[in-house]
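Below is one structure, written out as structure tokens, with a few remarks after it.
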Amino acid sequence: MQWLVNVIEQHGLGLVFLNVLIEQLGAPIPAYPTLVVTSALAQGGRFSLPGLLALAVLGALIADILWFYAGRRYGRRVMATMCRISLSPDSCVRQTEAVYLRWGARSLLVAKFIPGFASVASAMAGALGTSMRRFVWFDMLGAAIWAGSALLLGSLFSSAVGELLETLEALGRWGLLILGVALALFVARKAWQRHVFLKTLKLARISVDELYELIQAGAQPLILDVRNEFYRAEGRIPGAVALDEKDLQGPGCVAAEHGHEVVVYCSCPNDASAARVAQRLKSLGYTRVRPLSGGIDAWVQAGHPLEGADD
């Protein structure tokens with residue numbers, strides 16, 4: 001365990017920069033504890049607090065600018081990729097998107113305090129055309145507030161952190177094992193939460209070809225688009241009606257008879273939002289509700305038409 005303490009003491013500045021950079025790029029390796037520990041050690045004169053703050057902000061800014069340019073270049077596809085690679089349930093990504101759409105660049109001031117929000121918000125800032133100057137200003141302030149709070153905690157509780165490090169050092173290899181197990185449990189918990197979330201979404205689905213055939217045959221199913229406004233700008237399936245999940249408040253929330261064919265779609269890789277809305281509609285008495293397998297992406301890939309696109 002002594003070697004780990006030595007690494008922190010000798011390479012604390014570089015460790016902080018690398019940890020923050022990796023976390024903000026999306027890896028499930030929390031940087032906040034590293035900031036707290038290095039701040040506590042700084043009280044003994046080992047590090048410069050301004051240096052720690054500057055490197056933490058720089059690491060976060062580099063990662064966020066990369067996400068910003070990814071959003072600027074690839075647009076809405078970046079968020080779909082995040083859903084696929086994130087250990088958080090798809091709904092978490094969608095919720096953070098909604099926060100950015102509501103508050104804009106100002107949401108970057110608190111983004112670092114919400115796991116996974118910073119990368120999503122940065123990509124959305126680029127996709128929505130936020131100016132680089134405005135993005136960098138709010139992102140830098142947000143990173144400074146986040147890192148500064150960790151450094152403040154480390155300063156206030158330096159003695160407690162020091163005692164913890166001494167305890168881990170006394171444990172030797174067991175101390176290192178404890179740290180490794182704690183990190184493994186953190187990642188495993190995230191993976192399990194995602195597994196449980198996806199398991200709850202298992203519903204009978206309708207394929208895009210089946211839906212297209214229904215429309216062509218004049219069956220007139222009620223098609224519900226539950227994407228947020230950001231994604232609807234790409235266009236919608238012909239005849240689709242926009243529906244916000246928050247509008248599902250009673251049996252009359254959807255303008256259709258309970259036995260009418262209802263198809264729900266979104267832009268989530270796992271049809272998460274669509275399946276969640278479908279489950280809610282079933283609980284309200286709508287008996288023929290199915291999510292669209294693959295969502296809008298599968299519809300486009302199959303070559304079926306869209307309407308209402310603004311680009």
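In the structure tokens, each chain is lettered A, B, ... as it comes, each chain's residues begin at 1, and ligands are numbered from 1 in order of appearance.
Residues with any atom within 10 Å of Asn19 in chain A, counting only C-alpha atoms and excluding same-chain neighbours fewer than 5 positions away, are Gly14, Gln24, Leu25, Ala27, Ile29, Pro30, Ala31, Tyr32, Thr34, Leu35, Ala56, Gly59 and Ala60 of chain A.
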_Run DSSP on the backbone and tell me which residues of range 12-42 of chain A come out as helix (DSSP H, G or I); list them as an MDAnalysis selection string._
chainID A and resid 12:25 32:42
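Residues in contact with range 134-151 of chain A at 6 Å, where only C-alpha atoms are counted and same-chain residues fewer than 2 positions away are skipped, are listed as Leu35, Val36, Ser39, Val57, Leu108, Leu109, Val110, Ser131, Met132, Leu153 and Gly154 of chain A.
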Selection from above, C-alpha atoms, as a short mmCIF file (atom, residue, chain, number, x, y, z; two decimals), in the first residue's frame, can you write it?
```
data_model
loop_
_atom_site.label_atom_id
_atom_site.label_comp_id
_atom_site.auth_asym_id
_atom_site.auth_seq_id
_atom_site.Cartn_x
_atom_site.Cartn_y
_atom_site.Cartn_z
CA LEU A 35 -9.35 15.42 -5.60
CA VAL A 36 -10.33 15.15 -1.93
CA SER A 39 -6.23 18.24 -1.38
CA VAL A 57 -10.29 22.24 -14.67
CA LEU A 108 -22.96 23.19 -17.16
CA LEU A 109 -22.44 25.00 -13.85
CA VAL A 110 -23.69 21.91 -11.98
CA SER A 131 -21.16 29.12 -29.35
CA MET A 132 -17.73 27.84 -28.41
CA LEU A 153 -13.63 19.15 1.52
CA GLY A 154 -10.11 17.75 1.44
#
```
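Reported to one decimal place, the separation of CA of Val99 in chain A from CA of Pro115 in chain A is 13.4 Å.
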*asked:* Please list as a ChimeraX atom specification every residue within 10 Å of Leu66 in chain A, counting only C-alpha atoms and excluding residues in the same chain fewer than 3 positions away.
replied: /A:25,61-63,69-72,119,122-123,126
Save the residues we just selected, all heavy atoms, as a PDB file, in the first residue's frame?
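What ended up in out-v8.pdb:
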```
ATOM      1  N   LEU A  25     -14.360  11.789 -19.882  1.00  0.00           N
ATOM      2  CA  LEU A  25     -14.508  11.153 -21.188  1.00  0.00           C
ATOM      3  C   LEU A  25     -15.549  10.035 -21.148  1.00  0.00           C
ATOM      4  O   LEU A  25     -15.976   9.555 -22.190  1.00  0.00           O
ATOM      5  CB  LEU A  25     -13.164  10.593 -21.668  1.00  0.00           C
ATOM      6  CG  LEU A  25     -12.159  11.623 -22.186  1.00  0.00           C
ATOM      7  CD1 LEU A  25     -10.820  10.966 -22.484  1.00  0.00           C
ATOM      8  CD2 LEU A  25     -12.687  12.338 -23.443  1.00  0.00           C
ATOM      9  N   LEU A  61     -11.996  20.295 -19.020  1.00  0.00           N
ATOM     10  CA  LEU A  61     -12.248  21.120 -20.197  1.00  0.00           C
ATOM     11  C   LEU A  61     -11.838  20.405 -21.483  1.00  0.00           C
ATOM     12  O   LEU A  61     -12.553  20.453 -22.495  1.00  0.00           O
ATOM     13  CB  LEU A  61     -11.494  22.448 -20.074  1.00  0.00           C
ATOM     14  CG  LEU A  61     -11.877  23.564 -21.043  1.00  0.00           C
ATOM     15  CD1 LEU A  61     -13.355  23.907 -20.916  1.00  0.00           C
ATOM     16  CD2 LEU A  61     -11.017  24.801 -20.796  1.00  0.00           C
ATOM     17  N   ILE A  62     -10.699  19.727 -21.459  1.00  0.00           N
ATOM     18  CA  ILE A  62     -10.250  18.982 -22.644  1.00  0.00           C
ATOM     19  C   ILE A  62     -11.272  17.910 -23.020  1.00  0.00           C
ATOM     20  O   ILE A  62     -11.656  17.777 -24.196  1.00  0.00           O
ATOM     21  CB  ILE A  62      -8.870  18.344 -22.392  1.00  0.00           C
ATOM     22  CG1 ILE A  62      -7.792  19.431 -22.311  1.00  0.00           C
ATOM     23  CG2 ILE A  62      -8.525  17.341 -23.496  1.00  0.00           C
ATOM     24  CD1 ILE A  62      -6.425  18.913 -21.912  1.00  0.00           C
ATOM     25  N   ALA A  63     -11.703  17.128 -22.021  1.00  0.00           N
ATOM     26  CA  ALA A  63     -12.679  16.065 -22.298  1.00  0.00           C
ATOM     27  C   ALA A  63     -13.988  16.640 -22.817  1.00  0.00           C
ATOM     28  O   ALA A  63     -14.571  16.125 -23.788  1.00  0.00           O
ATOM     29  CB  ALA A  63     -12.928  15.251 -21.022  1.00  0.00           C
ATOM     30  N   TYR A  69     -17.188  18.925 -29.724  1.00  0.00           N
ATOM     31  CA  TYR A  69     -16.944  18.814 -31.160  1.00  0.00           C
ATOM     32  C   TYR A  69     -17.568  17.553 -31.753  1.00  0.00           C
ATOM     33  O   TYR A  69     -17.970  17.540 -32.920  1.00  0.00           O
ATOM     34  CB  TYR A  69     -15.441  18.859 -31.447  1.00  0.00           C
ATOM     35  CG  TYR A  69     -14.909  20.263 -31.498  1.00  0.00           C
ATOM     36  CD1 TYR A  69     -14.008  20.734 -30.555  1.00  0.00           C
ATOM     37  CD2 TYR A  69     -15.322  21.144 -32.496  1.00  0.00           C
ATOM     38  CE1 TYR A  69     -13.532  22.039 -30.593  1.00  0.00           C
ATOM     39  CE2 TYR A  69     -14.851  22.448 -32.551  1.00  0.00           C
ATOM     40  CZ  TYR A  69     -13.962  22.884 -31.597  1.00  0.00           C
ATOM     41  OH  TYR A  69     -13.497  24.178 -31.652  1.00  0.00           O
ATOM     42  N   ALA A  70     -17.664  16.487 -30.935  1.00  0.00           N
ATOM     43  CA  ALA A  70     -18.351  15.280 -31.408  1.00  0.00           C
ATOM     44  C   ALA A  70     -19.820  15.594 -31.662  1.00  0.00           C
ATOM     45  O   ALA A  70     -20.406  15.172 -32.667  1.00  0.00           O
ATOM     46  CB  ALA A  70     -18.207  14.161 -30.389  1.00  0.00           C
ATOM     47  N   GLY A  71     -20.434  16.348 -30.730  1.00  0.00           N
ATOM     48  CA  GLY A  71     -21.824  16.755 -30.922  1.00  0.00           C
ATOM     49  C   GLY A  71     -21.983  17.693 -32.100  1.00  0.00           C
ATOM     50  O   GLY A  71     -22.959  17.597 -32.863  1.00  0.00           O
ATOM     51  N   ARG A  72     -21.029  18.608 -32.279  1.00  0.00           N
ATOM     52  CA  ARG A  72     -21.095  19.550 -33.393  1.00  0.00           C
ATOM     53  C   ARG A  72     -21.009  18.831 -34.739  1.00  0.00           C
ATOM     54  O   ARG A  72     -21.695  19.184 -35.692  1.00  0.00           O
ATOM     55  CB  ARG A  72     -19.943  20.564 -33.238  1.00  0.00           C
ATOM     56  CG  ARG A  72     -19.821  21.599 -34.329  1.00  0.00           C
ATOM     57  CD  ARG A  72     -21.000  22.571 -34.369  1.00  0.00           C
ATOM     58  NE  ARG A  72     -21.244  23.253 -33.125  1.00  0.00           N
ATOM     59  CZ  ARG A  72     -20.656  24.396 -32.758  1.00  0.00           C
ATOM     60  NH1 ARG A  72     -19.754  24.959 -33.539  1.00  0.00           N
ATOM     61  NH2 ARG A  72     -20.971  24.965 -31.604  1.00  0.00           N
ATOM     62  N   SER A 119     -20.747  14.882 -20.003  1.00  0.00           N
ATOM     63  CA  SER A 119     -20.466  14.472 -21.382  1.00  0.00           C
ATOM     64  C   SER A 119     -21.701  14.637 -22.262  1.00  0.00           C
ATOM     65  O   SER A 119     -21.604  15.090 -23.409  1.00  0.00           O
ATOM     66  CB  SER A 119     -19.975  13.025 -21.422  1.00  0.00           C
ATOM     67  OG  SER A 119     -20.862  12.166 -20.734  1.00  0.00           O
ATOM     68  N   SER A 122     -22.239  18.384 -22.833  1.00  0.00           N
ATOM     69  CA  SER A 122     -21.224  18.926 -23.738  1.00  0.00           C
ATOM     70  C   SER A 122     -21.549  18.570 -25.192  1.00  0.00           C
ATOM     71  O   SER A 122     -21.442  19.412 -26.087  1.00  0.00           O
ATOM     72  CB  SER A 122     -19.837  18.387 -23.365  1.00  0.00           C
ATOM     73  OG  SER A 122     -19.479  18.783 -22.063  1.00  0.00           O
ATOM     74  N   ALA A 123     -21.942  17.309 -25.415  1.00  0.00           N
ATOM     75  CA  ALA A 123     -22.294  16.890 -26.771  1.00  0.00           C
ATOM     76  C   ALA A 123     -23.531  17.628 -27.273  1.00  0.00           C
ATOM     77  O   ALA A 123     -23.598  18.032 -28.440  1.00  0.00           O
ATOM     78  CB  ALA A 123     -22.534  15.379 -26.807  1.00  0.00           C
ATOM     79  N   GLY A 126     -22.745  21.160 -28.425  1.00  0.00           N
ATOM     80  CA  GLY A 126     -22.215  21.193 -29.782  1.00  0.00           C
ATOM     81  C   GLY A 126     -23.287  20.946 -30.823  1.00  0.00           C
ATOM     82  O   GLY A 126     -23.353  21.641 -31.851  1.00  0.00           O
TER      83      GLY A 126
END
```
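Nearest residue to Thr287 in chain A among A:His260, A:Pro305, A:Ser273, A:Val241 is A:His260, counting only C-alpha atoms.
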*Quick one: distance from CA of Ile206 in chain A to CA of Val78 in chain A in Å, one decimal?*
25.5 Å
*asked:* As an exercise, work out the distance from CA of Glu257 in chain A to CA of Gln220 in chain A in Å and give it to one decimal place.
replied: 12.8 Å
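With only C-alpha atoms as the atoms that count, the minimum distance from Ala278 in chain A to the choices A:Trp299, A:Tyr265, A:Tyr212, A:Phe47 is reached by A:Tyr265.
Considering the residues A:Leu292, A:Leu222, A:Ala118, A:Ala105 and counting only C-alpha atoms, Leu243 in chain A has its shortest atom-to-atom contact with A:Leu222.
Those residues that approach range 223-237 of chain A to within 6 Å, counting only C-alpha atoms, are Ala242, Leu243, Asp244, Val262, Val263, Val264, Tyr265, Cys266, Leu306, Glu307, Gly308, Ala309 and Asp310 of chain A; same-chain residues fewer than 5 positions away are not listed.
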_Using only C-alpha atoms for the distances, tell me which of A:Ala188, A:Asp247, A:Pro291, A:Glu261 is nearest to Arg205 in chain A._
A:Pro291
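All residues of protein, DNA or RNA that reach within 9 Å of Gly104 in chain A, judged by only C-alpha atoms and not counting those fewer than 3 positions away in the chain, are A:Val99, A:Tyr100, A:Leu101, A:Ser107, A:Leu108, A:Ala121, A:Ala125, A:Thr130.
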